[in-house]
Every structure is written in structure tokens, then in C-alpha cells.
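Step one of this worksheet: look at the structure below.
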Amino acid sequence: MRASQRARGEDVALVDALLSADERRRSSGVRFDELRAEQKALGKLIPKASGDEKSELLKKAGQLAADVKAADASKDEAAAEAQELLLQLSNLVHPDVPVGGEEDFVTLETHGTIRDFAAEGFEPKDHLELGTTLGAIDVERGAKVSGSRFYFLTGVGALLELALVNAAMAQATAAGFTPMLTPALVRPQAMAGTGFLGQAAQDVYHLDNDDLYLVGTSEVALAAYHMEEIIDGDRLPLRYAGFSPCFRREAGSHGKDTRGIFRVHQFDKVEMFSYVDPTDSQAEHQRLLDWEKQWLTSLELPFRVIDVASADLGSSAARKFDCEAWVPTQGKYRELTSTSDCTEFQSRRLAIRMRDGKTVKPLATLNGTLCAVPRTIVAILENHQQADGSVRVPEVLRPFLGGREILEPVAKAAK
């Protein structure tokens, strides 16, 4: 745990503080048990005693009762402190994760061909210019109505989102996932149990009057779906594909991606979530990555897969792979999907267990983005644009867009 905390760039002293609190919890527990045993033994002697002996025993019993109460309080206090410290610790980093910060990732694979727009004879437009011309994106009225980092998807933009969601759900369903429409508001236990009230707390919206949180991903609701349950091992793996709105403050992103809809406060997403036997979590992680690669390949997007470095992992992830699509006008790859193996971290905090023969043990949970809508729209518009401002629709989406092959600029479409 010390090495894991160090690799994450997090407080190593937390581990020692937790060990100390746990030692106090155990020693005070032993002290409590000893005093209770002494108290019970004394209780058997009192009825048989009389006179001064009985008075002395009663006096001792009174002191023992006070000592038992104090030992019990000490045990509870140490247990509460240990639990509080435990909740501050991030998941144990997988040994194969590259150590370092955001830029210390390792590129595992590269897929697709980056277009040479210069060779094609035109300068690519960015997604906002294309989206405005197509009558698909309206950020000015989004800002007027809700503030910065909000937007409207209009016309073909709205239809494109619906097509993406339906196509993603179709792929997930074909792969055996159960489609889910999940709550966007959750209780504190669900948010804390999934690890989003730690390092990510600054990005979370909280409704004080109701003590409810707006989710930043349907992962939260999907993880808490089986909270405090025991699942028969022969039912695993359980796989869910959740669709929900997602809300993020984007704290600390001042000045980053301020143009367009790449980094916004509210967006819709299709999320894959798996419950598996811990012995199968690494294999399931690869399967989730393969489904993400299948999705991005079907959208005909050039992308790469990276192994995220230790200090850039979310607190619940033991290992995380990101798929980053090429964004032509930025001249770089940007994250579109990610998949995390959370091992037993979330299941322990949410009290989700599996029955394995005669034993009951924590199971493993994993999550993987299938389609984060705005960023996917960004990648599609920029990579599939044509010289006249129109955008070619990837074949996988055409059945969900009434067979439409091209998104035409509004002025041209009106002629």
C-alpha cells in the first residue's frame, strides 16, 4: 500500500495512520473482551456472597461496568477512525501500471489512418465551426441559458446523439449487456462507495437540501445497484450498459478546452459495467477494452490505446486503459473512452459479495465508457468532414439516421 500511494503521488503516511488506528481497534477490542469476561465471572459470584464480601464485590462490579463502557467506547472510536482512514486510501495500483504523471502513459496500440487534409487540398474546420454550419451545435444560447460549458444540440446534432446512443446500445446488447436507464441522483453512500468523494469530490455537484449527488457517470448507480447484496457466483459475470446524463463541475479546468463541446458540465453517456469473480477481472478488463476498440473502429475513427500512468488513475482504479481519438484541428489524440479495473475496491465499500461454494467473498467491478456523446460528436465531425463543410456519416450510424449518408450544411440543405 505504501508503494501504491507513492506511485499515485498520494499521502504515504495514511497507511501508517491506518495501521496505528487498526492496532488500537484490535487492542481495545481485546481489552473489552477481557473486561466483559471478568464482569460475567463477577456477576456469578455476587449472588453467593454476603456481608462485607458482597459489598466489596458490588463496588468492584460498579468499577468494572464503568471500565467496560470506556473500553467499548475506545474500541468504537478506534474502529471509526480506522474506517475513516481506510476510505481515504485509493485502490492498490496494479504492478504493470507505468509509474508517473499524466504524460507518463505507455502507448499500447494505434488504429486507423490519420487523414492528410493538406494532400486533399483543404484546411480542416474545427467541430464548433462545422456544428454551427450544420445547424447541429449552439453554444451561444447554451451559455445564455445555463452559463459557460453548456450547449444545445439542435437538428442533426440532436439526431446524431440519438443515433450514437442507439448504435452503442445495439452493440452492447449484442455483446450480452443488459440495457439500463439509471438515476442521475444518488445518495452519499453510493457516491462514496464508488470512490467519487475522494480526489474527485471537487468535480461533483451536491444538492444540499436533499443530500443527493448528481452523478458524473452512470458507473455510480450501476455499482450501487447491487449494494449490500450477495450474488451467486454462477450468475457472474453480470454486465450492464447504462445510459444517463452526467454532470461534472470541471473544477481546475479553467482555460482548458473552452471552445465548443469537448469539455462540458453536462453530457450523456453509454457506460459498460461488469461484476465478475476477482480471478477474472484482468481478462474482463481486456474484454471491455476490446468492445471500446470495436466501437471506435465502427465509427471509422483513428485512435490509440494508452496504459494510464499511476498518478493519473482515479482512486478506484487499479489499472486504466484510455482510447484516444485523433482530433485534426488540435493535432493530437484526445480521450474518448476509458476502462478501469476496480478489483474489489468498490465492492468492499458497497458491501457487494459473491457466494463461491460455501464461502462468501467480495467480487470485482469494472467499468468502461462505450460512448461519451459530445466528445464522440467532436471526433466524428472533424475526422469525417468534407471540403464543402458537409460531414460523411459512418456506416454504422446510417440505419439510426434514416439511411442518411451525409450531414449537409443548413444553407445548402435548404436549397
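Residue names in the C-alpha cells use chain letters A, B, ... in the order shown, residue numbers from 1 in each chain, and ligand numbers from 1 in the order shown.
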
DSSP alpha helix (DSSP H) residues within segment 55-275 of chain A, as a ChimeraX atom specification | /A:55-88,117-120,127-133,139-146,156-174,188-193,219-224

Contacts of segment 112-128 of chain A within 9 Å, only C-alpha atoms, excl. fewer than 6 positions in-chain, as number ranges by chain = A: 137-139, 259-261, 297, 300-304, 326-330, 377-383, 385-387, 389

Generate the output file for the selected residues, C-alpha atoms, as a short mmCIF file (atom, residue, chain, number, x, y, z; two decimals), in the first residue's frame.
```cif
data_model
loop_
_atom_site.label_atom_id
_atom_site.label_comp_id
_atom_site.auth_asym_id
_atom_site.auth_seq_id
_atom_site.Cartn_x
_atom_site.Cartn_y
_atom_site.Cartn_z
CA ILE A 137 -24.47 22.79 -32.11
CA ASP A 138 -25.46 26.04 -30.37
CA VAL A 139 -23.08 27.05 -27.58
CA ARG A 259 -14.19 26.26 -27.25
CA GLY A 260 -17.03 24.01 -28.33
CA ILE A 261 -18.34 20.90 -26.58
CA THR A 297 -13.38 1.18 -35.28
CA GLU A 300 -14.08 4.80 -38.59
CA LEU A 301 -12.01 6.98 -36.24
CA PRO A 302 -8.22 6.90 -35.96
CA PHE A 303 -7.32 6.24 -32.32
CA ARG A 304 -4.68 4.92 -29.96
CA TRP A 326 -7.30 11.87 -33.24
CA VAL A 327 -8.69 15.42 -33.35
CA PRO A 328 -7.39 17.00 -36.59
CA THR A 329 -7.63 20.69 -35.65
CA GLN A 330 -5.86 20.05 -32.34
CA ILE A 377 -19.51 14.06 -31.97
CA VAL A 378 -16.34 16.21 -31.94
CA ALA A 379 -14.29 13.32 -33.35
CA ILE A 380 -16.88 12.38 -35.98
CA LEU A 381 -17.39 15.91 -37.29
CA GLU A 382 -13.68 16.68 -37.54
CA ASN A 383 -12.49 13.35 -38.95
CA GLN A 385 -15.67 16.43 -42.71
CA GLN A 386 -15.52 17.21 -46.40
CA ALA A 387 -14.24 20.25 -48.27
CA GLY A 389 -18.45 21.71 -44.95
#
```

Rank A:Lys144, A:Lys59, A:Lys269, A:Arg187 by their smallest atom-to-atom distance to Phe243 of chain A, using only C-alpha atoms, and report the top residue only.
->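 Nearest to Phe243 of chain A: A:Lys269.
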
Skip segment 305-321 of chain A itself and residues of its chain fewer than 2 positions away, then list as number ranges by chain all residues within 8 Å of it, counting only C-alpha atoms.
-> A: 7-9, 89-94, 97-110, 194-196, 198-200, 289, 303, 323-324, 338-343, 345-346

Limited to C-alpha atoms, could you put the picked residues into a file as a PDB file, in the first residue's frame?
```pdb
ATOM      1  CA  ALA A   7       3.199   5.732  -7.192  1.00  0.00           C
ATOM      2  CA  ARG A   8      -0.059   7.685  -7.149  1.00  0.00           C
ATOM      3  CA  GLY A   9       1.648  10.727  -5.622  1.00  0.00           C
ATOM      4  CA  LEU A  89      -6.935   5.287   0.655  1.00  0.00           C
ATOM      5  CA  SER A  90      -7.062   4.730  -3.096  1.00  0.00           C
ATOM      6  CA  ASN A  91      -7.094   1.274  -4.666  1.00  0.00           C
ATOM      7  CA  LEU A  92      -3.900  -0.747  -4.854  1.00  0.00           C
ATOM      8  CA  VAL A  93      -2.144   0.037  -8.161  1.00  0.00           C
ATOM      9  CA  HIS A  94      -1.603  -2.956 -10.464  1.00  0.00           C
ATOM     10  CA  VAL A  97       0.872   0.211 -14.427  1.00  0.00           C
ATOM     11  CA  PRO A  98       3.516   2.707 -15.633  1.00  0.00           C
ATOM     12  CA  VAL A  99       4.656   4.913 -12.757  1.00  0.00           C
ATOM     13  CA  GLY A 100       4.403   8.669 -13.214  1.00  0.00           C
ATOM     14  CA  GLY A 101       2.087  11.564 -14.031  1.00  0.00           C
ATOM     15  CA  GLU A 102      -0.335  12.414 -16.831  1.00  0.00           C
ATOM     16  CA  GLU A 103       2.314  12.400 -19.560  1.00  0.00           C
ATOM     17  CA  ASP A 104       3.983   9.151 -18.461  1.00  0.00           C
ATOM     18  CA  PHE A 105       1.429   6.833 -20.102  1.00  0.00           C
ATOM     19  CA  VAL A 106       2.519   3.990 -22.376  1.00  0.00           C
ATOM     20  CA  THR A 107       1.029   3.703 -25.871  1.00  0.00           C
ATOM     21  CA  LEU A 108      -0.124   0.116 -26.407  1.00  0.00           C
ATOM     22  CA  GLU A 109      -1.747   0.246 -29.864  1.00  0.00           C
ATOM     23  CA  THR A 110      -2.550   2.631 -32.709  1.00  0.00           C
ATOM     24  CA  THR A 194     -17.594   4.092  -5.764  1.00  0.00           C
ATOM     25  CA  GLY A 195     -14.724   6.394  -4.769  1.00  0.00           C
ATOM     26  CA  PHE A 196     -16.030   9.693  -6.133  1.00  0.00           C
ATOM     27  CA  GLY A 198     -12.180  11.375  -2.580  1.00  0.00           C
ATOM     28  CA  GLN A 199      -9.905  13.066  -5.103  1.00  0.00           C
ATOM     29  CA  ALA A 200     -12.857  13.644  -7.493  1.00  0.00           C
ATOM     30  CA  LEU A 289     -11.205  -2.590 -23.955  1.00  0.00           C
ATOM     31  CA  PHE A 303      -7.322   6.242 -32.316  1.00  0.00           C
ATOM     32  CA  CYS A 323      -8.805   5.090 -26.070  1.00  0.00           C
ATOM     33  CA  GLU A 324      -7.868   8.468 -27.536  1.00  0.00           C
ATOM     34  CA  SER A 338     -11.630   4.670 -20.816  1.00  0.00           C
ATOM     35  CA  THR A 339     -11.961   1.373 -18.982  1.00  0.00           C
ATOM     36  CA  SER A 340     -10.938   0.693 -15.391  1.00  0.00           C
ATOM     37  CA  ASP A 341     -10.393  -2.469 -13.384  1.00  0.00           C
ATOM     38  CA  CYS A 342     -11.518  -1.526  -9.870  1.00  0.00           C
ATOM     39  CA  THR A 343     -10.798  -5.012  -8.465  1.00  0.00           C
ATOM     40  CA  PHE A 345     -12.248  -1.673  -4.103  1.00  0.00           C
ATOM     41  CA  GLN A 346     -15.869  -0.686  -4.787  1.00  0.00           C
TER      42      GLN A 346
END
```

Spatial neighbours of Arg249 of chain A, 8 Å, only C-alpha atoms, chain gap at least 5 places, as a list in words |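 So, after excluding close chain neighbours, the residues are Gln202, Asp203, Val204, Tyr205 and His265 of chain A.
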
Write out the residues from the selection above, keeping C-alpha atoms, as a PDB file, in the first residue's frame.
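The new file part.pdb reads:
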```pdb
ATOM      1  CA  GLN A 202     -14.317  18.838  -6.299  1.00  0.00           C
ATOM      2  CA  ASP A 203     -15.943  17.844  -9.601  1.00  0.00           C
ATOM      3  CA  VAL A 204     -19.177  16.585  -8.032  1.00  0.00           C
ATOM      4  CA  TYR A 205     -22.448  18.530  -7.813  1.00  0.00           C
ATOM      5  CA  HIS A 265     -20.663  20.402 -17.431  1.00  0.00           C
TER       6      HIS A 265
END
```

Rank A:Pro245, A:Gly255, A:Pro183, A:Gly233 by their smallest atom-to-atom distance to Gly357 of chain A, using only C-alpha atoms, and report the top residue only.
-> A:Gly233

For Ala80 of chain A, list every protein, DNA or RNA residue within 10 Å, evaluated using only C-alpha atoms, and leave out those in the same chain fewer than 6 positions away; present the list as a ChimeraX atom specification.
-> /A:21-22,25,74,86

What is the distance between atom CA of Leu134 of chain A and atom CA of Leu296 of chain A, in Å to one decimal?
->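 Straight-line distance from atom CA of Leu134 of chain A to atom CA of Leu296 of chain A works out to 22.7 Å.
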
Which residues, written as a ChimeraX atom specification, have at least one atom at most 9 Å from Leu153 of chain A, with only C-alpha atoms counted and residues fewer than 4 positions away on the same chain left out?
-> /A:131,135-139,157-161

Using N, CA, C and O atoms, can you write the selected residues to a file as a tab-separated table (two decimals), in the first residue's frame?
```tsv
chain	number	residue	atom	x	y	z
A	131	GLY	N	-20.23	22.26	-36.64
A	131	GLY	CA	-21.52	22.07	-35.97
A	131	GLY	C	-22.44	23.25	-36.15
A	131	GLY	O	-23.66	23.08	-36.28
A	135	GLY	N	-26.02	23.41	-38.35
A	135	GLY	CA	-27.19	23.63	-37.51
A	135	GLY	C	-27.30	22.57	-36.44
A	135	GLY	O	-28.41	22.20	-36.01
A	136	ALA	N	-26.15	22.08	-35.96
A	136	ALA	CA	-26.12	20.94	-35.03
A	136	ALA	C	-25.75	21.33	-33.60
A	136	ALA	O	-26.14	20.66	-32.65
A	137	ILE	N	-24.98	22.40	-33.43
A	137	ILE	CA	-24.47	22.79	-32.11
A	137	ILE	C	-24.72	24.27	-31.89
A	137	ILE	O	-24.44	25.10	-32.78
A	138	ASP	N	-25.24	24.64	-30.72
A	138	ASP	CA	-25.46	26.04	-30.37
A	138	ASP	C	-24.92	26.28	-28.96
A	138	ASP	O	-25.57	25.97	-27.96
A	139	VAL	N	-23.68	26.80	-28.89
A	139	VAL	CA	-23.08	27.05	-27.58
A	139	VAL	C	-23.44	28.45	-27.06
A	139	VAL	O	-23.46	28.67	-25.85
A	157	GLY	N	-27.71	17.60	-35.02
A	157	GLY	CA	-26.89	17.36	-33.83
A	157	GLY	C	-27.64	16.49	-32.83
A	157	GLY	O	-27.09	15.54	-32.27
A	158	ALA	N	-28.91	16.83	-32.58
A	158	ALA	CA	-29.75	16.03	-31.69
A	158	ALA	C	-29.95	14.63	-32.25
A	158	ALA	O	-29.88	13.63	-31.53
A	159	LEU	N	-30.20	14.56	-33.58
A	159	LEU	CA	-30.39	13.25	-34.21
A	159	LEU	C	-29.12	12.42	-34.15
A	159	LEU	O	-29.16	11.20	-33.99
A	160	LEU	N	-27.96	13.08	-34.26
A	160	LEU	CA	-26.68	12.37	-34.20
A	160	LEU	C	-26.47	11.77	-32.81
A	160	LEU	O	-25.99	10.64	-32.69
A	161	GLU	N	-26.81	12.53	-31.76
A	161	GLU	CA	-26.70	11.96	-30.41
A	161	GLU	C	-27.57	10.72	-30.28
A	161	GLU	O	-27.13	9.68	-29.78
```

May I have all residues of segment 205-398 of chain A that DSSP, computed from the backbone, assigns to strand (DSSP E), given as a ChimeraX atom specification?
-> /A:205-207,212-214,230-232,238-247,266-276,303-307,319-327,332-341,353-356,359-362,364-372,391-392

Generate the output file for the selected residues, C-alpha atoms, as an mmCIF file, in the first residue's frame.
```
data_model
loop_
_atom_site.group_PDB
_atom_site.id
_atom_site.type_symbol
_atom_site.label_atom_id
_atom_site.label_comp_id
_atom_site.auth_asym_id
_atom_site.auth_seq_id
_atom_site.Cartn_x
_atom_site.Cartn_y
_atom_site.Cartn_z
ATOM 1 C CA TYR A 205 -22.448 18.530 -7.813
ATOM 2 C CA HIS A 206 -24.236 18.193 -4.454
ATOM 3 C CA LEU A 207 -27.857 19.130 -3.672
ATOM 4 C CA LEU A 212 -28.148 13.853 -3.006
ATOM 5 C CA TYR A 213 -25.386 13.939 -5.610
ATOM 6 C CA LEU A 214 -25.631 14.377 -9.383
ATOM 7 C CA ILE A 230 -24.737 -11.399 -2.057
ATOM 8 C CA ILE A 231 -24.670 -12.652 -5.657
ATOM 9 C CA ASP A 232 -24.406 -16.342 -6.500
ATOM 10 C CA LEU A 238 -23.179 -9.628 -14.681
ATOM 11 C CA ARG A 239 -22.879 -6.953 -17.379
ATOM 12 C CA TYR A 240 -24.928 -3.756 -17.612
ATOM 13 C CA ALA A 241 -24.934 -0.958 -20.183
ATOM 14 C CA GLY A 242 -26.199 2.210 -18.543
ATOM 15 C CA PHE A 243 -27.400 5.387 -20.249
ATOM 16 C CA SER A 244 -27.614 8.569 -18.210
ATOM 17 C CA PRO A 245 -26.899 12.276 -18.173
ATOM 18 C CA CYS A 246 -23.565 13.067 -16.495
ATOM 19 C CA PHE A 247 -22.702 16.209 -14.541
ATOM 20 C CA GLN A 266 -23.469 18.146 -18.679
ATOM 21 C CA PHE A 267 -23.424 15.372 -21.264
ATOM 22 C CA ASP A 268 -24.948 11.968 -21.993
ATOM 23 C CA LYS A 269 -23.031 8.719 -21.958
ATOM 24 C CA VAL A 270 -23.403 4.979 -22.503
ATOM 25 C CA GLU A 271 -21.354 3.151 -19.877
ATOM 26 C CA MET A 272 -20.471 -0.543 -19.621
ATOM 27 C CA PHE A 273 -20.261 -2.067 -16.140
ATOM 28 C CA SER A 274 -19.249 -5.587 -15.081
ATOM 29 C CA TYR A 275 -19.433 -7.634 -11.898
ATOM 30 C CA VAL A 276 -17.018 -10.588 -12.056
ATOM 31 C CA PHE A 303 -7.322 6.242 -32.316
ATOM 32 C CA ARG A 304 -4.683 4.917 -29.956
ATOM 33 C CA VAL A 305 -4.849 2.896 -26.730
ATOM 34 C CA ILE A 306 -2.791 4.014 -23.740
ATOM 35 C CA ASP A 307 -1.945 2.425 -20.397
ATOM 36 C CA ARG A 319 -5.421 -0.064 -13.826
ATOM 37 C CA LYS A 320 -6.959 2.028 -16.597
ATOM 38 C CA PHE A 321 -6.767 1.963 -20.392
ATOM 39 C CA ASP A 322 -7.837 5.012 -22.407
ATOM 40 C CA CYS A 323 -8.805 5.090 -26.070
ATOM 41 C CA GLU A 324 -7.868 8.468 -27.536
ATOM 42 C CA ALA A 325 -9.222 9.584 -30.910
ATOM 43 C CA TRP A 326 -7.302 11.868 -33.241
ATOM 44 C CA VAL A 327 -8.689 15.423 -33.348
ATOM 45 C CA LYS A 332 -3.289 15.354 -31.176
ATOM 46 C CA TYR A 333 -5.097 12.392 -29.660
ATOM 47 C CA ARG A 334 -7.777 13.129 -27.052
ATOM 48 C CA GLU A 335 -9.527 10.757 -24.667
ATOM 49 C CA LEU A 336 -12.835 9.389 -25.934
ATOM 50 C CA THR A 337 -13.281 6.261 -23.827
ATOM 51 C CA SER A 338 -11.630 4.670 -20.816
ATOM 52 C CA THR A 339 -11.961 1.373 -18.982
ATOM 53 C CA SER A 340 -10.938 0.693 -15.391
ATOM 54 C CA ASP A 341 -10.393 -2.469 -13.384
ATOM 55 C CA ARG A 353 -20.232 -10.027 -2.243
ATOM 56 C CA MET A 354 -20.367 -13.259 -4.205
ATOM 57 C CA ARG A 355 -21.133 -16.758 -2.984
ATOM 58 C CA ASP A 356 -18.343 -19.114 -4.041
ATOM 59 C CA THR A 359 -17.648 -19.147 1.125
ATOM 60 C CA VAL A 360 -18.756 -15.543 0.655
ATOM 61 C CA LYS A 361 -16.209 -13.001 -0.596
ATOM 62 C CA PRO A 362 -16.012 -9.566 -2.286
ATOM 63 C CA ALA A 364 -14.604 -7.366 -8.634
ATOM 64 C CA THR A 365 -16.183 -4.449 -10.504
ATOM 65 C CA LEU A 366 -15.072 -2.891 -13.792
ATOM 66 C CA ASN A 367 -16.342 -0.031 -15.911
ATOM 67 C CA GLY A 368 -15.804 1.136 -19.473
ATOM 68 C CA THR A 369 -17.097 4.088 -21.446
ATOM 69 C CA LEU A 370 -18.726 2.985 -24.665
ATOM 70 C CA CYS A 371 -19.879 6.376 -25.902
ATOM 71 C CA ALA A 372 -19.417 9.784 -24.265
ATOM 72 C CA VAL A 391 -19.807 15.535 -42.921
ATOM 73 C CA ARG A 392 -19.864 11.910 -44.008
#
```

Two-atom distance - atom CA of Ser390 of chain A, atom CA of Glu405 of chain A (Å) |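 So the answer is 10.4 Å.
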
What gap, in Å, lies between atom CA of Glu53 of chain A and atom CA of Phe32 of chain A?
-> 25.5 Å

For Phe262 of chain A, which residue out of A:Leu236, A:Met180, A:Val373, A:Leu19 is the nearest one, using only C-alpha atoms?
->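 Going through A:Leu236, A:Met180, A:Val373, A:Leu19 one by one, the smallest distance to Phe262 of chain A is for A:Val373.
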